[in-house]
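Scroll down for the structure; my scribbles are underneath it.
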Amino acid sequence: MRSEEHSREPGAQGPSFLLLTLAVGLAASVIFVGFPQIDIAVSRLFFLGDREFWLTGSAGLGAFLRNSFKLTFLLASICASIGLLVSIFFRKRLSGLGFPQWLCLVMVLIVGPGLIANSLLKDHWDRARPRYIEQFGGNEHFTPALERSNQCEKNCSFVAGEAASIYALGFALAFVVGGRRRRALLIALAVGSFVGLVRIAGGGHFFSDVVFAGVFMGLVVRGMYWIVFERFETELADGGPLHTRLNSVAIWLRNAVRRLLGRAPLAQAGAASSQWVQTQSKRGSDSISRLAARFKRPPQL
């Protein structure tokens, strides 16, 4: 039976969210493919000349905001990993979330920002960033959204990685944490879009990079939620088959470590004790030998 916290507001995680995400993705595809100069026009709003944008540079407000976004995602990833491990090793809920919630969150962060945004798209779509294209003083050619290019080799413009990270984190939290999901989704959308705006203002991404980052992460979150809480709800539930198996493995590992740590001092103490016994035995044997030799010595007259 589905837990109560995942039965409220079905529209927030049900077909309406999926359909809305697909509709936004389809509309964005039509708009950016049909009118690719929108990307140039939006980036030009923040262009200062000679490859400089409002938030370009490794120091100042832009760098501070970027580092804040990265730190937020890093801390969230660490917390999600700890939450999952606690639920596996100790079968305890952390911050009110159990095994399936932490599992879904970790899956989203790995598949969304990790695999799809960075490994698949940013490293293989080869779209040059705004500050490197001819329109803004660079040497590379502009490539419309959704069109593969050869203007960049690695860590390229499509999609916006930092925006994707915040979109994925925010959408996932809205899904797995009980409460006002629609409001949480709107907040996640606003924060992710702000992150994207910062990257656009720094000449690091086009408008379409941010839009499709949100679309792809929305689809990833909905897909992971479907896997954990719908398709394999029983198998991945708290106390379900997977949770039980992982907990058994965790208990075995924990006991193995305890035995290993417990035997080492005992072994050292045993070796020291054995050496002490051997030393004392040798001393005793020598004393007895000297005493026996003294008694065997003939008396001197």
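Ordering of the structure tokens sets the chain letters (A, B, ...), residue numbers begin anew at 1 in every chain, and ligands are numbered from 1 in the order given.
With only C-alpha atoms taken into account, the protein and nucleic acid residues at most 8 Å from stretch 238-248 of chain A (excluding it and anything under 6 positions from it in its own chain) are Ile88, Phe89, Phe90, Arg91, Gly98, Phe99 and Pro100 of chain A.
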Sorted by chain and rising residue number, which residues of stretch 17-76 of chain A lie within 9 Å of stretch 112-136 of chain A, and what are their closest atom pairs and distances in Å to one decimal, counting only C-alpha atoms, as a tab-separated table?
residue	atom	partner	partner_atom	distance
A:Asp39	CA	A:Pro130	CA	9.0
A:Ile40	CA	A:Gln135	CA	7.9
A:Ser43	CA	A:Pro130	CA	7.2
A:Arg44	CA	A:Phe136	CA	8.1
A:Phe47	CA	A:Phe136	CA	7.5
A:Gly49	CA	A:Phe136	CA	7.0
A:Asp50	CA	A:Phe136	CA	6.7
A:Arg51	CA	A:Arg131	CA	5.3
A:Glu52	CA	A:Arg131	CA	7.3
A:Phe53	CA	A:Arg131	CA	7.9
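Among the candidates A:Ala237, A:Gly204, A:Leu48, A:Ile227, the one nearest to A:Asn155 when counting only C-alpha atoms is A:Gly204.
For the pair atom CA of A:Leu75 and atom CA of A:Ala174, the separation is 17.5 Å.
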Exercise for the section: Mind the document's chain letters and residue numbers, and return as a count of residues only the residues of stretch 113-298 of chain A that DSSP labels helix (DSSP H, G or I). Expected result: 134
Problem - Contacts of stretch 210-223 of chain A within 9 Å, only C-alpha atoms, excl. fewer than 6 positions in-chain, as a PyMOL selection string - result: chain A and resi 13-14+17-18+21-22+24-25+28-29+104-105+107-108+111-113+116-117+158-161+163-165+167-169+171-172+175+189+192-193+195-197+199-200
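These are the residues of stretch 44-180 of chain A assigned strand (DSSP E or B) by DSSP from backbone coordinates: Phe47, Leu48, Gly49, Glu52, Phe53, Leu94, Leu97, Ile133 and Glu140 of chain A.
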Selection file, N, CA and C atoms, as a PDB file, in the first residue's frame:
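Written out: selection35.pdb:
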ATOM      1  N   PHE A  47      25.700  41.251 -22.560  1.00  0.00           N
ATOM      2  CA  PHE A  47      27.010  41.357 -23.206  1.00  0.00           C
ATOM      3  C   PHE A  47      27.570  42.760 -23.030  1.00  0.00           C
ATOM      4  N   LEU A  48      28.847  42.842 -22.611  1.00  0.00           N
ATOM      5  CA  LEU A  48      29.504  44.128 -22.396  1.00  0.00           C
ATOM      6  C   LEU A  48      30.504  44.465 -23.485  1.00  0.00           C
ATOM      7  N   GLY A  49      30.864  43.482 -24.310  1.00  0.00           N
ATOM      8  CA  GLY A  49      31.860  43.696 -25.349  1.00  0.00           C
ATOM      9  C   GLY A  49      33.140  42.933 -25.078  1.00  0.00           C
ATOM     10  N   GLU A  52      33.164  39.882 -22.837  1.00  0.00           N
ATOM     11  CA  GLU A  52      32.849  40.146 -21.434  1.00  0.00           C
ATOM     12  C   GLU A  52      31.336  40.247 -21.250  1.00  0.00           C
ATOM     13  N   PHE A  53      30.848  39.583 -20.187  1.00  0.00           N
ATOM     14  CA  PHE A  53      29.436  39.648 -19.822  1.00  0.00           C
ATOM     15  C   PHE A  53      29.318  40.195 -18.402  1.00  0.00           C
ATOM     16  N   LEU A  94      15.783   9.258   8.541  1.00  0.00           N
ATOM     17  CA  LEU A  94      16.554  10.465   8.797  1.00  0.00           C
ATOM     18  C   LEU A  94      15.797  11.641   8.205  1.00  0.00           C
ATOM     19  N   LEU A  97      12.564  10.838   6.361  1.00  0.00           N
ATOM     20  CA  LEU A  97      12.600  10.111   5.094  1.00  0.00           C
ATOM     21  C   LEU A  97      13.150   8.713   5.318  1.00  0.00           C
ATOM     22  N   ILE A 133      31.573  32.261 -29.068  1.00  0.00           N
ATOM     23  CA  ILE A 133      31.082  32.311 -30.450  1.00  0.00           C
ATOM     24  C   ILE A 133      31.395  33.670 -31.078  1.00  0.00           C
ATOM     25  N   GLU A 140      34.238  30.594 -32.394  1.00  0.00           N
ATOM     26  CA  GLU A 140      33.399  29.447 -32.731  1.00  0.00           C
ATOM     27  C   GLU A 140      32.080  29.893 -33.351  1.00  0.00           C
TER      28      GLU A 140
END
